[in-house]
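Encoded as structure tokens, the structure appears first; notes follow it.
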Amino acid sequence: MKKFKSFYFESYSFDSQSLIAKFEYSFDNEYFFTEEIDFSSDKFNLNKNIDYDILDNFLFSLHIALGISYYKAYPTKKLYIKS
């Protein structure tokens, strides 16, 4: 297995129509991957009157929390938060 030097928190996005959030990460800007969470389920109870400032803060925090799990799989000496 290749040893990676850096882990990147690339970006996150939210589609207000589908209520799907995407979280993007990479190792060494070579191996990219995305995690998606579908918030349209009734268990999340999101509606169209979302406060986007609060949502953005939540998504950024979630982006970091989810990324830590990926980072732990192959720890690197450097972390970069592009988002």
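Please note that chains go A, B, ... in the order of the structure tokens, that every chain numbers its residues from 1, and that ligands are numbered from 1 in the order shown.
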Query raised in the report: Which neighbours of A:Asn49 fall inside 12 Å, counting only C-alpha atoms, when residues of the same chain fewer than 5 positions from it are skipped, and could you give them as a list in words?
Result: Ser16, Gln17, Ile54 and Leu55 of chain A
Could you save the residues just selected, with N, CA and C atoms, as a PDB file, in the first residue's frame?
```
ATOM      1  N   SER A  16     -30.094  22.020  -2.179  1.00  0.00           N
ATOM      2  CA  SER A  16     -31.317  22.348  -1.451  1.00  0.00           C
ATOM      3  C   SER A  16     -32.567  21.711  -2.055  1.00  0.00           C
ATOM      4  N   GLN A  17     -32.486  21.252  -3.295  1.00  0.00           N
ATOM      5  CA  GLN A  17     -33.631  20.579  -3.911  1.00  0.00           C
ATOM      6  C   GLN A  17     -33.708  19.111  -3.494  1.00  0.00           C
ATOM      7  N   ILE A  54     -26.790  28.557   9.586  1.00  0.00           N
ATOM      8  CA  ILE A  54     -26.687  27.464  10.553  1.00  0.00           C
ATOM      9  C   ILE A  54     -26.337  26.164   9.839  1.00  0.00           C
ATOM     10  N   LEU A  55     -26.986  25.917   8.698  1.00  0.00           N
ATOM     11  CA  LEU A  55     -26.708  24.697   7.933  1.00  0.00           C
ATOM     12  C   LEU A  55     -25.248  24.651   7.493  1.00  0.00           C
TER      13      LEU A  55
END
```
Query raised in the report: Looking at A:Leu66, A:Ser40, A:Ser26, A:Ser18, which one is nearest to A:Ser6, with distances taken over only C-alpha atoms?
Result: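 With only C-alpha atoms as the atom set, the closest residue is A:Ser26.
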Requested in this report: Check the smallest atom-to-atom distance from each of A:Glu35, A:Asp56, A:Asp15, A:Glu30 to A:Ser69 using only C-alpha atoms, then report the winner.
Outcome: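 Nearest to A:Ser69: A:Glu35.
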Report task. Could you check how far atom CA of A:Ile50 sits from atom CA of A:Glu24, in Å to one decimal? Result -> 22.5 Å
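The environment of A:Leu19 within 7 Å, counting only C-alpha atoms and disregarding residues fewer than 5 places along the same chain, consists of Phe14, Asp38, Phe39 and Ser40 of chain A.
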If you run DSSP on this backbone, which residues of chain A come out as helix (DSSP H, G or I), and could you give them as a PDB file with N, CA and C atoms, in the first residue's frame?
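Okay, result-v4.pdb is ready:
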```pdb
ATOM      1  N   TYR A  52     -29.645  28.873   6.206  1.00  0.00           N
ATOM      2  CA  TYR A  52     -28.442  28.405   5.524  1.00  0.00           C
ATOM      3  C   TYR A  52     -27.154  28.768   6.248  1.00  0.00           C
ATOM      4  N   ASP A  53     -27.155  29.778   7.101  1.00  0.00           N
ATOM      5  CA  ASP A  53     -25.964  30.069   7.897  1.00  0.00           C
ATOM      6  C   ASP A  53     -25.730  28.961   8.926  1.00  0.00           C
ATOM      7  N   ILE A  54     -26.790  28.557   9.586  1.00  0.00           N
ATOM      8  CA  ILE A  54     -26.687  27.464  10.553  1.00  0.00           C
ATOM      9  C   ILE A  54     -26.337  26.164   9.839  1.00  0.00           C
ATOM     10  N   LEU A  55     -26.986  25.917   8.698  1.00  0.00           N
ATOM     11  CA  LEU A  55     -26.708  24.697   7.933  1.00  0.00           C
ATOM     12  C   LEU A  55     -25.248  24.651   7.493  1.00  0.00           C
ATOM     13  N   ASP A  56     -24.712  25.772   7.041  1.00  0.00           N
ATOM     14  CA  ASP A  56     -23.321  25.799   6.598  1.00  0.00           C
ATOM     15  C   ASP A  56     -22.368  25.484   7.750  1.00  0.00           C
ATOM     16  N   ASN A  57     -22.626  26.039   8.918  1.00  0.00           N
ATOM     17  CA  ASN A  57     -21.792  25.730  10.084  1.00  0.00           C
ATOM     18  C   ASN A  57     -21.871  24.249  10.427  1.00  0.00           C
ATOM     19  N   PHE A  58     -23.079  23.699  10.373  1.00  0.00           N
ATOM     20  CA  PHE A  58     -23.267  22.275  10.644  1.00  0.00           C
ATOM     21  C   PHE A  58     -22.526  21.417   9.621  1.00  0.00           C
ATOM     22  N   LEU A  59     -22.657  21.751   8.337  1.00  0.00           N
ATOM     23  CA  LEU A  59     -22.022  20.953   7.282  1.00  0.00           C
ATOM     24  C   LEU A  59     -20.503  21.018   7.374  1.00  0.00           C
ATOM     25  N   PHE A  60     -19.953  22.189   7.696  1.00  0.00           N
ATOM     26  CA  PHE A  60     -18.502  22.292   7.855  1.00  0.00           C
ATOM     27  C   PHE A  60     -18.042  21.390   9.001  1.00  0.00           C
ATOM     28  N   SER A  61     -18.733  21.443  10.126  1.00  0.00           N
ATOM     29  CA  SER A  61     -18.379  20.605  11.277  1.00  0.00           C
ATOM     30  C   SER A  61     -18.499  19.124  10.940  1.00  0.00           C
ATOM     31  N   LEU A  62     -19.549  18.773  10.221  1.00  0.00           N
ATOM     32  CA  LEU A  62     -19.741  17.388   9.808  1.00  0.00           C
ATOM     33  C   LEU A  62     -18.649  16.959   8.835  1.00  0.00           C
ATOM     34  N   HIS A  63     -18.264  17.854   7.955  1.00  0.00           N
ATOM     35  CA  HIS A  63     -17.179  17.578   7.006  1.00  0.00           C
ATOM     36  C   HIS A  63     -15.896  17.207   7.749  1.00  0.00           C
ATOM     37  N   ILE A  64     -15.574  17.952   8.790  1.00  0.00           N
ATOM     38  CA  ILE A  64     -14.373  17.666   9.574  1.00  0.00           C
ATOM     39  C   ILE A  64     -14.532  16.344  10.327  1.00  0.00           C
ATOM     40  N   ALA A  65     -15.670  16.157  10.982  1.00  0.00           N
ATOM     41  CA  ALA A  65     -15.887  14.932  11.770  1.00  0.00           C
ATOM     42  C   ALA A  65     -15.823  13.678  10.892  1.00  0.00           C
ATOM     43  N   LEU A  66     -16.476  13.718   9.736  1.00  0.00           N
ATOM     44  CA  LEU A  66     -16.440  12.558   8.834  1.00  0.00           C
ATOM     45  C   LEU A  66     -15.034  12.319   8.304  1.00  0.00           C
ATOM     46  N   GLY A  67     -14.345  13.394   7.984  1.00  0.00           N
ATOM     47  CA  GLY A  67     -12.997  13.271   7.422  1.00  0.00           C
ATOM     48  C   GLY A  67     -12.000  12.653   8.373  1.00  0.00           C
ATOM     49  N   ILE A  68     -12.180  12.896   9.659  1.00  0.00           N
ATOM     50  CA  ILE A  68     -11.260  12.323  10.642  1.00  0.00           C
ATOM     51  C   ILE A  68     -11.266  10.797  10.566  1.00  0.00           C
ATOM     52  N   SER A  69     -12.426  10.223  10.331  1.00  0.00           N
ATOM     53  CA  SER A  69     -12.495   8.767  10.193  1.00  0.00           C
ATOM     54  C   SER A  69     -11.680   8.270   9.004  1.00  0.00           C
ATOM     55  N   TYR A  70     -11.738   8.993   7.891  1.00  0.00           N
ATOM     56  CA  TYR A  70     -10.934   8.607   6.724  1.00  0.00           C
ATOM     57  C   TYR A  70      -9.453   8.807   7.003  1.00  0.00           C
ATOM     58  N   TYR A  71      -9.125   9.917   7.629  1.00  0.00           N
ATOM     59  CA  TYR A  71      -7.729  10.197   7.970  1.00  0.00           C
ATOM     60  C   TYR A  71      -7.140   9.077   8.834  1.00  0.00           C
ATOM     61  N   LYS A  72      -7.922   8.597   9.800  1.00  0.00           N
ATOM     62  CA  LYS A  72      -7.432   7.549  10.706  1.00  0.00           C
ATOM     63  C   LYS A  72      -7.112   6.258   9.966  1.00  0.00           C
ATOM     64  N   ALA A  73      -7.723   6.048   8.820  1.00  0.00           N
ATOM     65  CA  ALA A  73      -7.437   4.832   8.053  1.00  0.00           C
ATOM     66  C   ALA A  73      -5.996   4.818   7.551  1.00  0.00           C
TER      67      ALA A  73
END
```
Report task. Provide the atom CA of A:Ser13 to atom CA of A:Thr34 distance in Å, to one decimal place. Result ->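 So the answer is 10.7 Å.
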Requested in this report: Please indicate the distance in Å from atom CA of A:Phe33 to atom CA of A:Asn45, rounded to one decimal place.
Outcome: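 Between atom CA of A:Phe33 and atom CA of A:Asn45 the gap is 27.3 Å.
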Requested in this report: For A:Glu10, list every protein, DNA or RNA residue within 8 Å, evaluated using only C-alpha atoms, and leave out those in the same chain fewer than 4 positions away; present the list as a list in words.
Outcome: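 Residues meeting the cut-off are Phe23, Glu24, Tyr25, Ser26, Ile81, Lys82 and Ser83 of chain A.
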Query - Using only C-alpha atoms: which of A:Ser11, A:Ser41, A:Pro75, A:Asp51 has the shortest distance to A:Phe27 - result: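 The closest residue to A:Phe27 is A:Pro75.
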Requested in this report: Run DSSP on the backbone and grab whatever in stretch 2-81 of chain A lands in strand (DSSP E or B); send it over as JSON, numbers by chain.
Outcome: {"A": [6, 7, 8, 9, 10, 11, 12, 13, 14, 15, 20, 21, 22, 23, 24, 25, 26, 27, 31, 32, 33, 34, 35, 36, 37, 38, 78, 79, 80, 81]}
Kindly save the residues from that selection, with C-alpha atoms included, as a tab-separated table (two decimals), in the first residue's frame.
```
chain	number	residue	atom	x	y	z
A	6	SER	CA	-1.05	14.59	3.15
A	7	PHE	CA	-4.77	14.38	3.78
A	8	TYR	CA	-7.08	17.06	2.34
A	9	PHE	CA	-10.53	18.12	3.45
A	10	GLU	CA	-11.40	19.23	-0.09
A	11	SER	CA	-14.94	20.62	0.00
A	12	TYR	CA	-18.55	20.10	0.95
A	13	SER	CA	-21.80	21.04	-0.76
A	14	PHE	CA	-25.53	20.85	-0.20
A	15	ASP	CA	-28.25	20.58	-2.84
A	20	ILE	CA	-28.19	15.72	-0.40
A	21	ALA	CA	-24.89	16.80	1.12
A	22	LYS	CA	-21.55	15.81	-0.43
A	23	PHE	CA	-18.25	15.76	1.42
A	24	GLU	CA	-15.04	15.47	-0.59
A	25	TYR	CA	-11.59	14.38	0.59
A	26	SER	CA	-8.27	13.30	-0.89
A	27	PHE	CA	-4.90	11.82	-0.08
A	31	TYR	CA	-6.79	9.70	-4.46
A	32	PHE	CA	-10.16	11.50	-4.26
A	33	PHE	CA	-13.36	10.25	-2.66
A	34	THR	CA	-16.78	11.60	-1.75
A	35	GLU	CA	-19.26	10.74	0.97
A	36	GLU	CA	-22.92	11.59	0.45
A	37	ILE	CA	-25.65	11.96	3.05
A	38	ASP	CA	-29.28	12.12	1.97
A	78	LYS	CA	0.05	16.81	7.15
A	79	LEU	CA	-3.62	17.81	7.11
A	80	TYR	CA	-5.05	20.53	4.88
A	81	ILE	CA	-8.50	22.04	5.19
```
